[in-house]
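Q: Quick one, coords-v1.tsv (TSV, C-alpha atoms and all ligand atoms):
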```
chain	number	residue	atom	x	y	z
A	16	PRO	CA	-26.33	-94.09	13.44
A	17	ALA	CA	-23.23	-93.92	11.23
A	18	GLY	CA	-22.15	-97.01	13.11
A	19	ASP	CA	-19.57	-95.50	15.40
A	20	VAL	CA	-19.68	-96.03	19.10
A	21	SER	CA	-21.00	-92.81	20.53
A	22	ALA	CA	-18.19	-90.91	22.19
A	23	SER	CA	-20.37	-89.84	25.08
A	24	ARG	CA	-21.03	-93.36	26.27
A	25	GLU	CA	-18.52	-95.72	27.78
A	26	PRO	CA	-18.30	-98.87	25.68
A	27	CYS	CA	-19.89	-101.97	27.15
A	28	LEU	CA	-16.89	-103.89	25.92
A	29	SER	CA	-13.61	-102.78	24.44
A	30	LEU	CA	-10.83	-104.90	23.03
A	31	GLN	CA	-7.36	-103.48	22.55
A	32	GLY	CA	-4.64	-105.26	20.63
A	33	VAL	CA	-6.11	-108.70	21.24
A	34	ALA	CA	-4.09	-111.50	19.64
A	35	LYS	CA	-4.09	-115.27	19.86
A	36	GLN	CA	-1.39	-117.77	18.91
A	37	PHE	CA	-1.96	-121.50	18.82
A	38	GLY	CA	1.67	-122.57	18.79
A	39	ALA	CA	3.14	-121.10	15.61
A	40	PHE	CA	-0.33	-120.41	14.15
A	41	THR	CA	-1.71	-116.89	14.48
A	42	ALA	CA	-5.49	-117.22	14.96
A	43	LEU	CA	-6.05	-113.54	15.85
A	44	GLU	CA	-3.93	-110.49	15.23
A	45	ASP	CA	-4.22	-107.01	16.68
A	46	ILE	CA	-7.98	-106.88	17.27
A	47	ASP	CA	-9.28	-103.45	18.35
A	48	LEU	CA	-13.01	-103.09	18.86
A	49	ALA	CA	-15.44	-101.11	20.98
A	50	ILE	CA	-19.03	-102.22	21.47
A	51	ALA	CA	-21.60	-99.74	22.76
A	52	PRO	CA	-24.21	-100.56	25.41
A	53	GLY	CA	-27.29	-102.11	23.83
A	54	GLU	CA	-25.60	-102.88	20.53
A	55	PHE	CA	-26.16	-106.10	18.60
A	56	VAL	CA	-22.85	-106.94	16.94
A	57	CYS	CA	-22.18	-109.88	14.64
A	58	PHE	CA	-18.76	-111.40	14.08
A	59	LEU	CA	-18.96	-112.55	10.47
A	60	GLY	CA	-16.40	-114.41	8.44
A	61	PRO	CA	-15.49	-117.64	6.69
A	62	SER	CA	-14.59	-120.81	8.53
A	63	GLY	CA	-11.30	-120.46	10.37
A	64	CYS	CA	-11.20	-116.65	10.40
A	65	GLY	CA	-11.03	-116.59	14.20
A	66	LYS	CA	-14.53	-115.38	15.11
A	67	THR	CA	-15.24	-118.21	17.56
A	68	THR	CA	-11.81	-117.84	19.12
A	69	LEU	CA	-12.49	-114.13	19.65
A	70	LEU	CA	-15.85	-114.86	21.29
A	71	ARG	CA	-14.25	-117.48	23.52
A	72	ILE	CA	-11.58	-114.98	24.57
A	73	ILE	CA	-14.32	-112.50	25.53
A	74	ALA	CA	-15.95	-115.29	27.54
A	75	GLY	CA	-12.66	-116.22	29.21
A	76	LEU	CA	-12.89	-119.75	27.77
A	77	GLU	CA	-9.69	-119.10	25.84
A	78	THR	CA	-6.77	-116.94	26.98
A	79	GLN	CA	-5.52	-114.25	24.64
A	80	SER	CA	-1.79	-114.20	23.87
A	81	ALA	CA	-1.78	-110.40	23.98
A	82	GLY	CA	-4.12	-107.50	24.47
A	83	THR	CA	-6.60	-106.07	26.92
A	84	LEU	CA	-10.35	-106.59	27.42
A	85	VAL	CA	-12.38	-104.04	29.36
A	86	GLN	CA	-16.06	-104.63	30.16
A	87	ALA	CA	-18.07	-101.79	31.70
A	88	GLY	CA	-14.93	-100.07	32.89
A	89	ARG	CA	-13.46	-103.22	34.48
A	90	ASP	CA	-10.33	-104.93	33.13
A	91	ILE	CA	-11.46	-108.52	32.59
A	92	SER	CA	-8.36	-109.64	30.67
A	93	ARG	CA	-7.27	-112.14	33.31
A	94	LEU	CA	-10.60	-112.99	34.95
A	95	PRO	CA	-11.84	-116.60	34.87
A	96	PRO	CA	-15.18	-117.16	33.10
A	97	ALA	CA	-17.18	-117.35	36.35
A	98	ALA	CA	-15.96	-113.91	37.43
A	99	ARG	CA	-17.10	-112.29	34.16
A	100	ASP	CA	-20.54	-110.87	33.53
A	101	TYR	CA	-22.09	-112.60	30.51
A	102	GLY	CA	-24.55	-115.27	29.42
A	103	ILE	CA	-23.66	-117.57	26.54
A	104	VAL	CA	-25.51	-119.77	24.06
A	105	PHE	CA	-23.61	-122.34	22.01
A	106	GLN	CA	-24.38	-123.92	18.67
A	107	SER	CA	-25.14	-127.29	20.23
A	108	TYR	CA	-27.91	-126.72	22.71
A	109	ALA	CA	-25.71	-127.78	25.64
A	110	LEU	CA	-28.63	-128.34	28.01
A	111	PHE	CA	-28.29	-130.86	30.83
A	112	PRO	CA	-30.33	-133.80	29.47
A	113	ASN	CA	-31.11	-135.21	32.90
A	114	LEU	CA	-32.43	-131.94	34.30
A	115	SER	CA	-35.92	-130.55	33.68
A	116	ILE	CA	-36.28	-127.39	31.62
A	117	ALA	CA	-36.93	-125.42	34.81
A	118	ASP	CA	-33.78	-126.80	36.44
A	119	ASN	CA	-31.77	-126.06	33.31
A	120	VAL	CA	-32.94	-122.45	33.24
A	121	GLY	CA	-32.59	-121.99	36.99
A	122	TYR	CA	-29.15	-123.60	37.19
A	123	GLY	CA	-27.18	-120.38	37.56
A	124	LEU	CA	-29.70	-118.95	40.01
A	125	VAL	CA	-29.58	-121.95	42.33
A	126	ASN	CA	-25.79	-121.65	42.23
A	127	ARG	CA	-26.23	-118.13	43.54
A	128	ARG	CA	-28.23	-119.50	46.48
A	129	LEU	CA	-31.45	-117.69	45.67
A	130	PRO	CA	-34.55	-118.89	47.60
A	131	ARG	CA	-36.51	-121.66	45.81
A	132	ALA	CA	-39.67	-119.63	45.33
A	133	GLN	CA	-37.71	-116.75	43.84
A	134	VAL	CA	-35.92	-119.11	41.45
A	135	ALA	CA	-39.21	-120.69	40.38
A	136	ALA	CA	-40.77	-117.28	39.69
A	137	ARG	CA	-37.75	-116.07	37.74
A	138	VAL	CA	-37.62	-119.31	35.71
A	139	GLU	CA	-41.27	-118.96	34.74
A	140	GLU	CA	-40.70	-115.34	33.81
A	141	LEU	CA	-37.74	-116.32	31.61
A	142	LEU	CA	-39.64	-119.16	29.93
A	143	ALA	CA	-42.46	-116.74	29.12
A	144	LEU	CA	-39.89	-114.29	27.75
A	145	VAL	CA	-38.58	-116.87	25.26
A	146	GLY	CA	-42.06	-118.02	24.27
A	147	LEU	CA	-42.17	-121.26	26.29
A	148	PRO	CA	-44.44	-120.47	29.24
A	149	GLY	CA	-45.42	-123.41	31.41
A	150	SER	CA	-42.92	-125.88	29.97
A	151	GLY	CA	-40.62	-126.07	32.99
A	152	ALA	CA	-41.53	-129.67	33.84
A	153	LYS	CA	-40.46	-131.03	30.44
A	154	TYR	CA	-37.05	-132.48	29.62
A	155	PRO	CA	-34.74	-131.39	26.79
A	156	ALA	CA	-35.32	-134.60	24.80
A	157	GLN	CA	-39.04	-133.73	24.61
A	158	MET	CA	-38.31	-130.46	22.82
A	159	SER	CA	-37.41	-129.51	19.26
A	160	GLY	CA	-34.06	-127.99	18.42
A	161	GLY	CA	-35.55	-124.52	18.21
A	162	GLN	CA	-37.24	-124.92	21.59
A	163	GLN	CA	-34.02	-126.18	23.14
A	164	GLN	CA	-32.22	-123.08	21.87
A	165	ARG	CA	-34.92	-120.91	23.47
A	166	VAL	CA	-34.29	-122.72	26.74
A	167	ALA	CA	-30.54	-122.18	26.32
A	168	LEU	CA	-31.29	-118.50	25.73
A	169	ALA	CA	-33.47	-118.31	28.86
A	170	ARG	CA	-30.67	-119.96	30.84
A	171	ALA	CA	-28.14	-117.46	29.45
A	172	LEU	CA	-30.39	-114.56	30.48
A	173	ALA	CA	-31.25	-115.93	33.95
A	174	THR	CA	-28.73	-113.90	35.93
A	175	SER	CA	-29.42	-110.71	33.93
A	176	PRO	CA	-25.91	-110.57	32.49
A	177	GLY	CA	-24.43	-107.37	31.11
A	178	LEU	CA	-23.46	-109.11	27.89
A	179	LEU	CA	-25.01	-111.88	25.81
A	180	LEU	CA	-22.68	-114.05	23.73
A	181	LEU	CA	-24.13	-116.21	20.97
A	182	ASP	CA	-21.87	-118.71	19.22
A	183	GLU	CA	-23.61	-119.72	15.99
A	184	PRO	CA	-26.79	-120.40	18.00
A	185	LEU	CA	-28.95	-120.94	14.93
A	186	SER	CA	-26.77	-122.96	12.60
A	187	ALA	CA	-28.06	-126.36	13.74
A	188	LEU	CA	-31.68	-125.37	13.04
A	189	ASP	CA	-33.64	-125.73	9.82
A	190	ALA	CA	-34.13	-122.63	7.65
A	191	ILE	CA	-37.63	-121.62	8.79
A	192	VAL	CA	-36.97	-122.03	12.51
A	193	ARG	CA	-33.65	-120.25	12.07
A	194	VAL	CA	-35.24	-117.15	10.59
A	195	ARG	CA	-38.05	-117.07	13.15
A	196	LEU	CA	-35.71	-117.51	16.09
A	197	ARG	CA	-33.22	-114.91	14.88
A	198	ASN	CA	-36.03	-112.36	14.65
A	199	GLU	CA	-37.21	-113.30	18.13
A	200	ILE	CA	-33.70	-113.03	19.55
A	201	ARG	CA	-33.38	-109.61	17.92
A	202	ALA	CA	-36.74	-108.45	19.33
A	203	LEU	CA	-35.87	-109.71	22.79
A	204	GLN	CA	-32.43	-108.10	22.62
A	205	ARG	CA	-34.04	-104.74	21.76
A	206	GLN	CA	-36.68	-105.12	24.45
A	207	LEU	CA	-34.05	-105.82	27.10
A	208	GLY	CA	-31.50	-103.37	25.69
A	209	LEU	CA	-28.99	-106.17	25.96
A	210	THR	CA	-25.50	-105.79	24.51
A	211	THR	CA	-25.12	-108.84	22.31
A	212	ILE	CA	-22.38	-110.42	20.23
A	213	MET	CA	-23.30	-113.19	17.81
A	214	VAL	CA	-20.84	-115.27	15.84
A	215	THR	CA	-22.09	-116.35	12.45
A	216	HIS	CA	-20.75	-117.38	9.07
A	217	ASP	CA	-24.15	-116.62	7.50
A	218	GLN	CA	-24.01	-113.18	5.89
A	219	GLU	CA	-27.77	-112.92	5.46
A	220	GLU	CA	-28.22	-113.59	9.18
A	221	ALA	CA	-25.69	-110.89	10.05
A	222	LEU	CA	-27.20	-108.36	7.63
A	223	SER	CA	-30.70	-108.94	8.99
A	224	VAL	CA	-30.08	-108.71	12.74
A	225	ALA	CA	-26.92	-106.73	13.46
A	226	ASP	CA	-26.55	-103.08	14.39
A	227	ARG	CA	-22.96	-103.47	13.31
A	228	ILE	CA	-21.08	-106.25	11.61
A	229	VAL	CA	-17.44	-107.07	12.26
A	230	VAL	CA	-16.18	-108.79	9.11
A	231	MET	CA	-13.19	-111.00	9.87
A	232	ASN	CA	-10.69	-112.72	7.62
A	233	ARG	CA	-7.57	-114.67	8.56
A	234	GLY	CA	-7.51	-113.50	12.14
A	235	ARG	CA	-7.95	-109.82	11.32
A	236	ILE	CA	-10.84	-107.37	11.18
A	237	GLU	CA	-11.52	-106.41	7.56
A	238	GLN	CA	-14.27	-103.91	8.31
A	239	VAL	CA	-16.63	-102.79	11.04
A	240	GLY	CA	-19.85	-101.12	9.93
A	241	THR	CA	-23.61	-101.13	9.79
A	242	PRO	CA	-25.12	-103.79	7.52
A	243	LEU	CA	-25.76	-101.11	4.88
A	244	GLN	CA	-22.19	-99.81	5.05
A	245	ILE	CA	-20.80	-103.33	4.76
A	246	TYR	CA	-23.01	-104.06	1.76
A	247	ARG	CA	-22.81	-100.71	-0.04
A	248	GLU	CA	-19.38	-99.53	0.94
A	249	PRO	CA	-17.22	-102.61	1.37
A	250	ALA	CA	-13.75	-101.56	2.55
A	251	SER	CA	-11.93	-104.35	0.76
A	252	ALA	CA	-12.28	-106.80	-2.11
A	253	PHE	CA	-12.70	-109.53	0.50
A	254	VAL	CA	-15.73	-107.82	2.06
A	255	ALA	CA	-17.25	-107.05	-1.35
A	256	GLU	CA	-17.00	-110.72	-2.32
A	257	PHE	CA	-17.91	-112.27	1.03
A	258	VAL	CA	-21.08	-110.27	1.68
A	259	GLY	CA	-23.81	-110.45	-0.94
A	260	LYS	CA	-23.63	-111.17	-4.65
A	261	VAL	CA	-21.32	-108.97	-6.64
A	262	ASN	CA	-19.83	-108.51	-10.12
A	263	ARG	CA	-16.03	-108.46	-10.17
A	264	LEU	CA	-14.48	-106.84	-13.21
A	265	PRO	CA	-10.74	-106.56	-13.91
A	266	ALA	CA	-9.95	-103.07	-15.19
A	267	VAL	CA	-7.06	-100.66	-15.69
A	268	ALA	CA	-6.75	-97.23	-14.07
A	269	GLU	CA	-6.57	-94.22	-16.39
A	270	GLY	CA	-6.36	-91.49	-13.78
A	271	ASP	CA	-8.93	-89.04	-12.38
A	272	ARG	CA	-11.11	-91.97	-11.20
A	273	TRP	CA	-11.52	-93.25	-14.79
A	274	PHE	CA	-11.09	-96.95	-15.47
A	275	ARG	CA	-10.95	-98.95	-18.68
A	276	CYS	CA	-12.83	-102.22	-18.57
A	277	GLY	CA	-12.76	-104.05	-21.89
A	278	ALA	CA	-14.10	-101.59	-24.46
A	279	HIS	CA	-15.80	-99.49	-21.76
A	280	ARG	CA	-14.59	-96.51	-19.76
A	281	TRP	CA	-16.25	-95.73	-16.45
A	282	GLN	CA	-15.64	-93.08	-13.82
A	283	CYS	CA	-15.91	-94.15	-10.20
A	284	PRO	CA	-17.73	-91.91	-7.71
A	285	ALA	CA	-15.82	-89.31	-5.71
A	286	GLY	CA	-13.83	-90.90	-2.92
A	287	GLN	CA	-13.31	-94.08	-4.93
A	288	GLY	CA	-10.20	-94.96	-6.87
A	289	SER	CA	-8.50	-91.55	-7.05
A	290	ASP	CA	-5.25	-93.03	-5.70
A	291	PHE	CA	-4.51	-95.41	-8.59
A	292	ARG	CA	-1.81	-94.30	-10.99
A	293	PRO	CA	-2.63	-94.70	-14.69
A	294	GLY	CA	-1.94	-98.23	-15.88
A	295	ALA	CA	-2.52	-99.86	-12.48
A	296	PRO	CA	-4.54	-103.08	-12.62
A	297	VAL	CA	-7.67	-102.93	-10.45
A	298	LEU	CA	-10.85	-104.80	-9.70
A	299	LEU	CA	-14.17	-103.04	-10.05
A	300	TYR	CA	-17.11	-104.28	-8.01
A	301	LEU	CA	-20.78	-103.70	-8.73
A	302	ARG	CA	-23.87	-105.20	-7.10
A	303	PRO	CA	-26.41	-106.95	-9.37
A	304	GLU	CA	-29.11	-104.38	-8.53
A	305	ASP	CA	-26.89	-101.40	-9.45
A	306	ARG	CA	-28.15	-100.90	-12.98
A	307	VAL	CA	-30.77	-98.77	-14.68
A	308	VAL	CA	-33.17	-99.96	-17.35
A	309	GLY	CA	-35.67	-97.95	-19.37
A	310	PRO	CA	-35.19	-95.24	-21.99
A	311	LEU	CA	-31.54	-94.22	-21.81
A	312	ALA	CA	-29.75	-91.34	-23.56
A	313	ALA	CA	-26.70	-92.27	-25.64
A	314	ASP	CA	-24.40	-90.39	-23.24
A	315	THR	CA	-25.68	-92.12	-20.09
A	316	PRO	CA	-22.65	-93.20	-18.02
A	317	GLY	CA	-22.26	-96.96	-17.88
A	318	LEU	CA	-24.49	-97.55	-20.92
A	319	CYS	CA	-24.25	-101.15	-22.11
A	320	GLY	CA	-25.91	-103.58	-24.43
A	321	GLY	CA	-25.91	-107.30	-24.03
A	322	ARG	CA	-27.57	-110.61	-24.57
A	323	VAL	CA	-29.31	-112.48	-21.80
A	324	GLU	CA	-27.65	-115.89	-21.48
A	325	HIS	CA	-29.46	-117.23	-18.48
A	326	VAL	CA	-32.23	-116.19	-16.11
A	327	GLU	CA	-32.39	-117.48	-12.56
A	328	PHE	CA	-35.94	-116.94	-11.35
A	329	LEU	CA	-36.08	-116.19	-7.61
A	330	GLY	CA	-39.75	-115.33	-7.04
A	331	GLY	CA	-40.12	-111.56	-6.68
A	332	ASN	CA	-37.03	-110.98	-8.78
A	333	CYS	CA	-34.55	-112.68	-11.06
A	334	LEU	CA	-30.82	-112.76	-11.64
A	335	ALA	CA	-29.88	-112.52	-15.29
A	336	THR	CA	-26.48	-113.54	-16.62
A	337	ILE	CA	-25.73	-111.14	-19.44
A	338	ARG	CA	-23.04	-111.35	-22.11
A	339	VAL	CA	-22.18	-107.64	-22.44
A	340	ASP	CA	-20.84	-106.12	-25.66
A	341	GLY	CA	-17.23	-105.06	-25.15
A	342	LEU	CA	-16.68	-107.03	-21.92
A	343	THR	CA	-14.92	-110.35	-21.42
A	344	GLU	CA	-16.84	-111.16	-18.23
A	345	THR	CA	-20.55	-111.82	-18.12
A	346	LEU	CA	-22.51	-109.62	-15.71
A	347	LEU	CA	-25.03	-110.79	-13.15
A	348	LEU	CA	-27.86	-108.26	-12.98
A	349	GLN	CA	-30.97	-108.33	-10.86
A	350	PHE	CA	-34.39	-107.38	-12.15
A	351	SER	CA	-37.71	-107.28	-10.36
A	352	LEU	CA	-40.46	-109.46	-11.70
A	353	ASN	CA	-42.21	-106.35	-13.06
A	354	GLN	CA	-39.06	-105.22	-14.86
A	355	MET	CA	-38.67	-108.72	-16.23
A	356	ASP	CA	-42.08	-108.35	-17.86
A	357	GLU	CA	-41.63	-104.75	-18.96
A	358	PHE	CA	-38.19	-105.18	-20.53
A	359	GLU	CA	-38.70	-108.78	-21.63
A	360	VAL	CA	-35.75	-110.11	-19.68
A	361	SER	CA	-35.57	-113.66	-20.97
A	362	GLU	CA	-32.93	-115.96	-22.36
A	363	GLY	CA	-31.73	-114.96	-25.84
A	364	ARG	CA	-33.07	-111.38	-25.69
A	365	THR	CA	-30.80	-108.39	-26.10
A	366	LEU	CA	-31.09	-105.61	-23.54
A	367	ARG	CA	-29.97	-102.03	-23.15
A	368	PHE	CA	-29.15	-100.87	-19.66
A	369	ALA	CA	-26.81	-98.60	-17.76
A	370	LEU	CA	-24.54	-99.70	-14.96
A	371	ARG	CA	-24.74	-97.46	-11.91
A	372	THR	CA	-21.14	-96.27	-12.18
A	373	ASP	CA	-21.80	-94.08	-9.13
A	374	ARG	CA	-22.00	-97.34	-7.16
A	375	LEU	CA	-18.72	-98.82	-8.41
A	376	ARG	CA	-16.15	-99.83	-5.81
A	377	VAL	CA	-12.53	-100.22	-6.82
A	378	PHE	CA	-9.71	-102.18	-5.17
A	379	PRO	CA	-6.17	-103.07	-6.21
A	380	ALA	CA	-6.08	-106.20	-8.38
A	381	ALA	CA	-3.43	-107.72	-6.11
A	382	SER	CA	-5.70	-107.85	-3.03
A	401	LIG	P1	-15.63	-121.82	12.24
A	401	LIG	O1	-16.79	-121.07	11.69
A	401	LIG	O2	-15.16	-122.92	11.36
A	401	LIG	O3	-15.77	-122.22	13.68
A	401	LIG	P2	-14.02	-119.63	13.16
A	401	LIG	O4	-13.90	-118.39	12.38
A	401	LIG	O5	-14.89	-119.60	14.34
A	401	LIG	O6	-14.40	-120.80	12.18
A	401	LIG	P3	-11.99	-120.39	14.99
A	401	LIG	O7	-12.70	-121.57	15.56
A	401	LIG	O8	-11.93	-119.17	15.81
A	401	LIG	O9	-12.55	-120.03	13.57
A	401	LIG	O10	-10.52	-120.83	14.62
A	401	LIG	C1	-9.59	-119.96	14.03
A	401	LIG	C2	-8.36	-120.73	13.65
A	401	LIG	O11	-7.68	-121.15	14.83
A	401	LIG	C3	-8.65	-121.97	12.85
A	401	LIG	O12	-7.69	-122.10	11.84
A	401	LIG	C4	-8.52	-123.08	13.85
A	401	LIG	O13	-8.06	-124.27	13.23
A	401	LIG	C5	-7.48	-122.55	14.82
A	401	LIG	N1	-7.71	-123.06	16.17
A	401	LIG	C6	-8.80	-122.87	16.92
A	401	LIG	N2	-8.67	-123.44	18.12
A	401	LIG	C7	-7.46	-124.04	18.13
A	401	LIG	C8	-6.73	-124.80	19.10
A	401	LIG	N3	-7.23	-125.07	20.30
A	401	LIG	N4	-5.51	-125.24	18.74
A	401	LIG	C9	-4.99	-124.97	17.54
A	401	LIG	N5	-5.62	-124.25	16.58
A	401	LIG	C10	-6.83	-123.79	16.88
```
Could you write out this file's structure as structure tokens?
Ligand code: ATP
A:
Amino acid sequence: PAGDVSASREPCLSLQGVAKQFGAFTALEDIDLAIAPGEFVCFLGPSGCGKTTLLRIIAGLETQSAGTLVQAGRDISRLPPAARDYGIVFQSYALFPNLSIADNVGYGLVNRRLPRAQVAARVEELLALVGLPGSGAKYPAQMSGGQQQRVALARALATSPGLLLLDEPLSALDAIVRVRLRNEIRALQRQLGLTTIMVTHDQEEALSVADRIVVMNRGRIEQVGTPLQIYREPASAFVAEFVGKVNRLPAVAEGDRWFRCGAHRWQCPAGQGSDFRPGAPVLLYLRPEDRVVGPLAADTPGLCGGRVEHVEFLGGNCLATIRVDGLTETLLLQFSLNQMDEFEVSEGRTLRFALRTDRLRVFPAAS
């Protein structure tokens, strides 16, 4: 559960030293990754980080410039797409518009010369699996975007592939359908025990569905971890800033994990920031929810006072922008609706609170 591929099981897919050059441009550099059977992995990163290129290399739709790919013990590095064992769903629904839904879903099965009756039964089974029973006679144009993606999913699953590849399958859908479908894909993936890789640039999507997230930046892997590890224990300033909301505070190291930030001095938790020599410029990161309110002793670590400048109401909670005494930067802190009432979090009020210094993350200012 710590997020590592269990040593006892052979990975479903392993990538070693995978790289990709487009002419002089390096799109991927030295990618090592092992994905366990049954895992749901998201490739997450900003536009241009190389996540789609990596997925296409796994699919054999793009050829890596270097490196090895092994799927279920078989070296697939040089295999053409048709010889690999995966199903794929693209962002654009990519259904054949002139074929019925049944023919779209059964396409790969007919290619394998299965008997008609067997194809028909399997197609109906697949349509039921994706929540579209009995719709085989329709045509793609008669279906909504979400329904077309379900059909694309059924088609990808038709041949019972060992690996499901999803290339931003939800990004063309509206917000409500997107959330519903991602939960359905996740439920189906669990039910089938299907090893799945999904490319997304949507961090909330990755956090909500993935067993592990591979955060990518500029053609490299920044961090691989469970959603909680990525959110709580970002391995770099990039990850801290790319995933979730975060406060970023310039500070100066004082040694022994102590850091001076404006007029404040905070000690980072064990394992954080012990390798900075005194005087080194750093960046401290703290999530908006990592604060304590309520009666606080004068020696509480991270104790602060400040004035609420702005409150962004979000329904069950709010994000308050607070001008903190002794800090140049304002802080963004999250309060539940109940805390908002109890501590009168509203514009113009002054508040006392303590930052959860045990949750601070520290990175070199240069990164
Ligand atoms: P997006 O979310 O925008 O699709 P991405 O992370 O999936 O981004 P890729 O599509 O993998 O990014 O592209 C990575 C980089 O490689 C980009 O800078 C892109 O311009 C470049 N690239 C991709 N395909 C080619 C190509 N065929 N020729 C040249 N450069 C390419």
Q: Please return as a list in words the residues found within 7 Å of ligand LIG 401 (chain A), counting all atoms listed in the file.
A: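 Within the 7 Å cut-off, the matching residues are Phe37, Phe40, Ala42, Gly60, Pro61, Ser62, Gly63, Cys64, Gly65, Lys66, Thr67, Thr68, Leu69 and His216 of chain A.
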Q: Looking at A:Leu172, A:Val145, A:Ala167, A:Val308, which one is nearest to Phe105 of chain A, with distances taken over all atoms listed in the file?
A: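 Comparing A:Leu172, A:Val145, A:Ala167, A:Val308 against Phe105 of chain A, the winner is A:Ala167.
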Q: The residues within 12 Å of (-14.9, -101.2, -23.3), using all atoms listed in the file and the coordinates of the file, should be reported as a compact mmCIF listing (two decimals) with C-alpha atoms, in the frame of the given file; which are they?
A:
```
# COMPACT_ATOMS: atom_id res chain seq x y z
CA LEU A 264 -14.48 -106.84 -13.21
CA PRO A 265 -10.74 -106.56 -13.91
CA ALA A 266 -9.95 -103.07 -15.19
CA VAL A 267 -7.06 -100.66 -15.69
CA PHE A 274 -11.09 -96.95 -15.47
CA ARG A 275 -10.95 -98.95 -18.68
CA CYS A 276 -12.83 -102.22 -18.57
CA GLY A 277 -12.76 -104.05 -21.89
CA ALA A 278 -14.10 -101.59 -24.46
CA HIS A 279 -15.80 -99.49 -21.76
CA ARG A 280 -14.59 -96.51 -19.76
CA TRP A 281 -16.25 -95.73 -16.45
CA GLY A 317 -22.26 -96.96 -17.88
CA LEU A 318 -24.49 -97.55 -20.92
CA CYS A 319 -24.25 -101.15 -22.11
CA GLY A 320 -25.91 -103.58 -24.43
CA VAL A 339 -22.18 -107.64 -22.44
CA ASP A 340 -20.84 -106.12 -25.66
CA GLY A 341 -17.23 -105.06 -25.15
CA LEU A 342 -16.68 -107.03 -21.92
CA THR A 343 -14.92 -110.35 -21.42
CA GLU A 344 -16.84 -111.16 -18.23
```
Q: Determine, counting all atoms listed in the file, every residue of protein, DNA or RNA that lies within 6 Å of (-31.1, -97.3, -16.4) in the file coordinates, then give the result as an MDAnalysis selection string.
A: chainID A and resid 306:309 368:369
Q: By how many Å are atom CA of Arg71 of chain A and atom CA of Lys35 of chain A apart?
A: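 Between atom CA of Arg71 of chain A and atom CA of Lys35 of chain A the gap works out to 11.0 Å.
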Q: Excluding segment 352-367 of chain A and its own-chain neighbours fewer than 3 positions away, which residues fall within 12 Å of it when counting only C-alpha atoms? Please give them as number ranges by chain.
A: A: 304, 306-313, 315, 317-340, 348-349, 370
Q: What does the structure give for the distance between atom CA of Arg371 of chain A and atom CA of Ala250 of chain A, in Å to one decimal?
A: 18.6 Å
Q: Residues within 8 Å of segment 128-138 of chain A, please, as a list in words. Count all atoms listed in the file; anything in the same chain fewer than 6 positions from it doesn't count.
A: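 Neighbouring residues, sequence-local ones excluded: Ala117, Val120, Gly121, Gly151 and Ala173 of chain A.
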Q: Could you jot down the atom CA of Val239 of chain A to atom CA of Arg302 of chain A separation for me, Å, one decimal place?
A: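 A separation of 19.7 Å between them.
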Q: Tell me which of A:Val33, A:Ala109, A:Leu48, A:Ile116 sits closest to Thr83 of chain A, counting all atoms listed in the file.
A: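 Looking at the shortest contact to Thr83 of chain A, the residue is A:Val33.
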Q: Would you pick out the contacts of Ala187 of chain A at 8 Å or less, using all atoms listed in the file, so that residues sharing its chain but fewer than 5 positions from it are not included, and give the list as a PyMOL selection string?
A: chain A and resi 106-107+160
